[in-house]
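Everything on this sheet refers to the single structure shown next.
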Amino acid sequence: MTRIIITGATGKMGKFIASVVDGRDDCEVVAGVDRVNDGSSKFPVYESLKDVKESADVVIDFSNPSLLDDLLDYGKSTNTALVIATTGYDECEKKKISEASKDCAIFFTYNMSLGINLLANLAKKAVNVLGEGFDIEIVEQHHNQKIDAPSGTALMLADAISEEIERPMKYEYDRHSKREKRTKNEIGIHSIRGGTIVGEHDIIFAGRDEIITLSHSARSKEVFAVGAVNAAVFMNGKPVGMYDMGKLVK
C-alpha cells in the first residue's frame with residue numbers, strides 16, 4: 001500500500017487525485033497540504049508540509065513553484081519520494097530539483113499524461129523518418145487562467161525533437177517583431193489561451209506539398225491525476241535519483 005500526501009490538496013487537481021486514489025486499492029491518501037481547507041477532504045489537511053504528522057511513502061505535488069524549497073526540504077529530510085507535477089518552473093528551480101534528486105527520489109515531468117509521452121516518442125520517430133526536408137512547428141492551447149507560456153509540455157516536446165536532430169536547434173516564440181524568412185534550424189512554438197481548454201498540443205511537420213500533424217487532446221484534467229497516482233505508486237521504495245514518465249512506461 002502506497003501512502004500519499006497531496007500538496008495543493010483542496011485545489012482542482014488535488015481533488016481529482018483524491019478521487020482517483022479512492023477508486024484504487026494499492027494506495028491511500030494519508031494527508032493533504034493547502035493554505036485553504038474547505039473541509040471537504042476525507043483526510044487531515046495542514047497549512048504546510050512541516051505540520052504534517054502522518055508518515056508517507058510519496059508526496060504528489062500540484063501546488064505552486066513558490067513552494068518548491070519547502071517540498072524539496074521535506075523530501076530530503078524525511079526520505080520521502082516526490083512526484084512533482086506542478087508546472088511553470090524556471091531554469092534555476094529546475095536546477096534545484098536536479099540537485100535535490102541526489103538526496104531523495106524525485107519523479108519530474110512536464111506532463112503526467114501517458115498520451116503526451118507517447119506523442120513525444122512518435123515525434124522523435126517522425127524526425128528520424130522525415131529527415132531535414134520538413135519544418136517543425138508546435139502549437140499549444142490552454143485555458144485562460146494558465147499563467148506560463150509556452151507550456152512546459154510544449155517545451156518538453158521541442159526538447160524531445162531536438163534530441164533527434166544533429167544540428168543545434170533554436171526555439172522561435174515571436175516572429176512578428178522581425179521580417180525575415182524562417183531558418184531551417186528553428187522550431188516554432190506558439191501559445192493560445194482561451195476559455196476552458198484543458199490542453200491541446202499539435203506538432204506540425206511541414207514539407208514540400210505535404211503536412212503531417214501529430215496531436216494530443218486532453219478532455220479532462222483527470223488524465224493528469226491518473227498519471228500522477230500511477231507515478232506515486234511507481235515511486236514507492238525507489239532509490240535516490242531522478243525519474244520520469246519514460247522510466248514508468250518501460
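The chains in the C-alpha cells are called A, B, ... from first to last as shown; in each chain the residues are counted from 1, and the ligands are counted from 1 in the order shown.
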
Just want the 9 Å neighbourhood of range 9-22 of chain A, counted on only C-alpha atoms, with same-chain residues fewer than 5 positions away dropped. Output as a ChimeraX atom specification. /A:27-29,31-42,45,60-63,221-222,224-226,228-229

Can you pull out the residues contacting range 143-151 of chain A? Cut-off 7 Å, using only C-alpha atoms, and skip same-chain residues under 2 positions away; I want them as a PyMOL selection string. chain A and resi 88+153-155+190-191+193-198

Pairwise distance for CA of Pro65 in chain A and CA of Leu119 in chain A, rounded to one decimal in Å: 25.8 Å

Nearest candidate to Tyr110 in chain A (options A:Asp159, A:Glu54, A:Glu164, A:Glu186; using only C-alpha atoms): A:Asp159

Near Ala160 in chain A, counting only C-alpha atoms, which residues have an atom at most 12 Å away, once you skip same-chain residues fewer than 2 positions from it, shown as number ranges by chain? A: 110, 116-128, 153-158, 162-165, 169, 187, 203, 246

Secondary structure check, helix (DSSP H, G or I) residues of range 29-242 of chain A, as number ranges by chain: A: 49-51, 65-78, 91-100, 114-133, 152-162, 222-235

Tell me which protein, DNA and RNA residues are within 12 Å of Gly133 in chain A, counting only C-alpha atoms, leaving out same-chain ones fewer than 2 positions away, and put them as a list in words.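 So, after excluding close chain neighbours, the residues are Ala126, Val127, Asn128, Val129, Leu130, Gly131, Asp135, Ile136, Lys184, Asn185, Phe205, Ala206, Gly207, Arg208, Asp209, Glu210 and Ile211 of chain A.
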
Got time to write the residues from that selection, N, CA and C atoms, as a compact mmCIF listing (two decimals), in the first residue's frame?
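What ended up in again_21.txt:
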# COMPACT_ATOMS: atom_id res chain seq x y z
N ALA A 126 9.14 10.45 -36.05
CA ALA A 126 8.85 11.24 -37.25
C ALA A 126 10.08 12.00 -37.72
N VAL A 127 10.85 12.56 -36.79
CA VAL A 127 12.06 13.29 -37.16
C VAL A 127 13.04 12.38 -37.89
N ASN A 128 13.20 11.17 -37.38
CA ASN A 128 14.14 10.23 -37.98
C ASN A 128 13.68 9.74 -39.35
N VAL A 129 12.37 9.61 -39.54
CA VAL A 129 11.84 9.13 -40.82
C VAL A 129 11.82 10.25 -41.85
N LEU A 130 11.42 11.44 -41.45
CA LEU A 130 11.21 12.54 -42.40
C LEU A 130 12.50 13.25 -42.78
N GLY A 131 13.49 13.22 -41.91
CA GLY A 131 14.75 13.87 -42.23
C GLY A 131 14.67 15.39 -42.17
N ASP A 135 9.84 21.42 -42.00
CA ASP A 135 9.87 22.42 -40.94
C ASP A 135 8.97 21.94 -39.80
N ILE A 136 9.35 22.28 -38.56
CA ILE A 136 8.62 21.79 -37.39
C ILE A 136 8.06 22.96 -36.59
N LYS A 184 16.18 26.97 -41.15
CA LYS A 184 16.00 25.51 -41.03
C LYS A 184 16.34 25.00 -39.63
N ASN A 185 16.99 25.82 -38.83
CA ASN A 185 17.41 25.33 -37.52
C ASN A 185 16.52 25.86 -36.40
N PHE A 205 4.65 18.93 -38.96
CA PHE A 205 5.81 18.72 -39.83
C PHE A 205 5.38 19.16 -41.23
N ALA A 206 5.92 20.30 -41.68
CA ALA A 206 5.50 20.88 -42.96
C ALA A 206 6.63 20.71 -43.99
N GLY A 207 6.36 19.89 -45.01
CA GLY A 207 7.35 19.65 -46.06
C GLY A 207 6.87 20.18 -47.40
N ARG A 208 7.49 19.74 -48.45
CA ARG A 208 7.11 20.17 -49.79
C ARG A 208 5.83 19.46 -50.21
N ASP A 209 4.76 20.22 -50.29
CA ASP A 209 3.46 19.73 -50.75
C ASP A 209 2.81 18.70 -49.83
N GLU A 210 3.27 18.57 -48.60
CA GLU A 210 2.58 17.69 -47.66
C GLU A 210 2.82 18.15 -46.22
N ILE A 211 1.82 17.92 -45.39
CA ILE A 211 1.87 18.30 -43.98
C ILE A 211 1.45 17.10 -43.14

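If only C-alpha atoms are the atoms counted, then among A:Gly23, A:Met245, A:Asp90, A:Lys178 the closest residue to Ala232 in chain A is A:Met245.
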
Would you kindly return, as a list in words, each protein, DNA or RNA residue with an atom no farther than 10 Å from any atom of Asp73 in chain A, considering only C-alpha atoms and excluding same-chain residues fewer than 3 positions away? Leu49, Lys50, Leu68, Asp69, Asp70, Lys76, Ser77, Thr78, Asn79, Ala100, Asp103 and Cys104 of chain A

Identify all residues of range 143-225 of chain A in strand (DSSP E or B) (DSSP on the backbone) and supply them as a PyMOL selection string. chain A and resi 170-172+186-193+199-207+210-218

Pull C-alpha atoms from the residues just selected and write them as a PDB file, in the first residue's frame.
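Listed below is the output, part25.pdb:
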ATOM      1  CA  LYS A 170      16.639  27.229 -31.570  1.00  0.00           C
ATOM      2  CA  TYR A 171      13.086  27.839 -30.349  1.00  0.00           C
ATOM      3  CA  GLU A 172      11.239  30.695 -32.055  1.00  0.00           C
ATOM      4  CA  GLU A 186      14.334  26.558 -35.651  1.00  0.00           C
ATOM      5  CA  ILE A 187      11.274  25.040 -34.045  1.00  0.00           C
ATOM      6  CA  GLY A 188       8.353  27.429 -33.831  1.00  0.00           C
ATOM      7  CA  ILE A 189       6.378  27.311 -30.586  1.00  0.00           C
ATOM      8  CA  HIS A 190       3.020  29.077 -30.375  1.00  0.00           C
ATOM      9  CA  SER A 191       0.661  29.559 -27.422  1.00  0.00           C
ATOM     10  CA  ILE A 192      -3.114  30.018 -27.400  1.00  0.00           C
ATOM     11  CA  ARG A 193      -5.015  30.899 -24.216  1.00  0.00           C
ATOM     12  CA  GLY A 199      -4.713  21.079 -23.018  1.00  0.00           C
ATOM     13  CA  GLU A 200      -4.147  20.696 -26.773  1.00  0.00           C
ATOM     14  CA  HIS A 201      -0.768  20.064 -28.395  1.00  0.00           C
ATOM     15  CA  ASP A 202      -0.108  19.805 -32.126  1.00  0.00           C
ATOM     16  CA  ILE A 203       3.266  19.059 -33.716  1.00  0.00           C
ATOM     17  CA  ILE A 204       3.280  20.105 -37.363  1.00  0.00           C
ATOM     18  CA  PHE A 205       5.805  18.716 -39.832  1.00  0.00           C
ATOM     19  CA  ALA A 206       5.504  20.881 -42.958  1.00  0.00           C
ATOM     20  CA  GLY A 207       7.346  19.653 -46.060  1.00  0.00           C
ATOM     21  CA  GLU A 210       2.579  17.687 -47.658  1.00  0.00           C
ATOM     22  CA  ILE A 211       1.871  18.303 -43.979  1.00  0.00           C
ATOM     23  CA  ILE A 212       1.913  15.768 -41.156  1.00  0.00           C
ATOM     24  CA  THR A 213       0.355  16.676 -37.817  1.00  0.00           C
ATOM     25  CA  LEU A 214       0.687  14.732 -34.573  1.00  0.00           C
ATOM     26  CA  SER A 215      -1.896  15.762 -31.970  1.00  0.00           C
ATOM     27  CA  HIS A 216      -2.906  15.151 -28.395  1.00  0.00           C
ATOM     28  CA  SER A 217      -6.091  16.434 -26.775  1.00  0.00           C
ATOM     29  CA  ALA A 218      -6.753  16.280 -23.043  1.00  0.00           C
TER      30      ALA A 218
END

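We find CA of Met235 in chain A and CA of Lys96 in chain A to be spaced 19.5 Å apart.
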
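Of the listed residues (A:Ser177, A:Ser66, A:Thr2, A:Asn111), A:Thr2 comes nearest to Ala81 in chain A; the distances count only C-alpha atoms.
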
Enter the distance from CA of Ile161 in chain A to CA of Glu140 in chain A, in Å, rounded to one decimal.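 Going from CA of Ile161 in chain A over to CA of Glu140 in chain A covers 15.4 Å.
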
Which neighbours of Asp244 in chain A fall inside 6 Å, counting only C-alpha atoms, when residues of the same chain fewer than 2 positions from it are skipped, and could you give them as a PDB file with C-alpha atoms, in the first residue's frame?
ATOM      1  CA  PHE A 107       9.684  11.939 -10.331  1.00  0.00           C
ATOM      2  CA  PHE A 108       9.625  15.034 -12.516  1.00  0.00           C
ATOM      3  CA  THR A 109       7.912  15.512 -15.852  1.00  0.00           C
ATOM      4  CA  GLY A 246       9.926   7.273 -19.742  1.00  0.00           C
ATOM      5  CA  LYS A 247      11.035   5.082 -16.834  1.00  0.00           C
TER       6      LYS A 247
END

Can you list, as a PyMOL selection string, every protein, DNA or RNA residue that comes within 8 Å of Met242 in chain A when you count only C-alpha atoms, leaving out same-chain residues fewer than 4 positions away? chain A and resi 98+101-102+105-108

Keeping only N, CA and C atoms, write the selected residues as a compact mmCIF listing (two decimals), in the first residue's frame.
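Saved the output as selection_23.txt:
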# COMPACT_ATOMS: atom_id res chain seq x y z
N SER A 98 16.97 19.05 -9.78
CA SER A 98 18.02 18.12 -10.19
C SER A 98 19.00 17.86 -9.05
N SER A 101 17.57 15.63 -6.30
CA SER A 101 17.43 14.22 -6.66
C SER A 101 18.66 13.40 -6.26
N LYS A 102 19.73 14.08 -5.85
CA LYS A 102 20.90 13.38 -5.34
C LYS A 102 20.69 12.91 -3.90
N ALA A 105 14.43 10.49 -3.90
CA ALA A 105 13.87 10.03 -5.17
C ALA A 105 12.84 11.04 -5.67
N ILE A 106 13.01 11.51 -6.91
CA ILE A 106 12.12 12.52 -7.46
C ILE A 106 11.62 12.09 -8.85
N PHE A 107 10.31 12.16 -9.03
CA PHE A 107 9.68 11.94 -10.33
C PHE A 107 9.27 13.30 -10.87
N PHE A 108 9.88 13.70 -11.98
CA PHE A 108 9.62 15.03 -12.52
C PHE A 108 9.37 14.94 -14.01

Restricting the calculation to only C-alpha atoms, which member of A:Thr87, A:Ser55, A:Asn236, A:Ser48 is positioned closest to Leu71 in chain A?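 Checking each of A:Thr87, A:Ser55, A:Asn236, A:Ser48 against Leu71 in chain A, counting only C-alpha atoms, the winner is A:Ser48.
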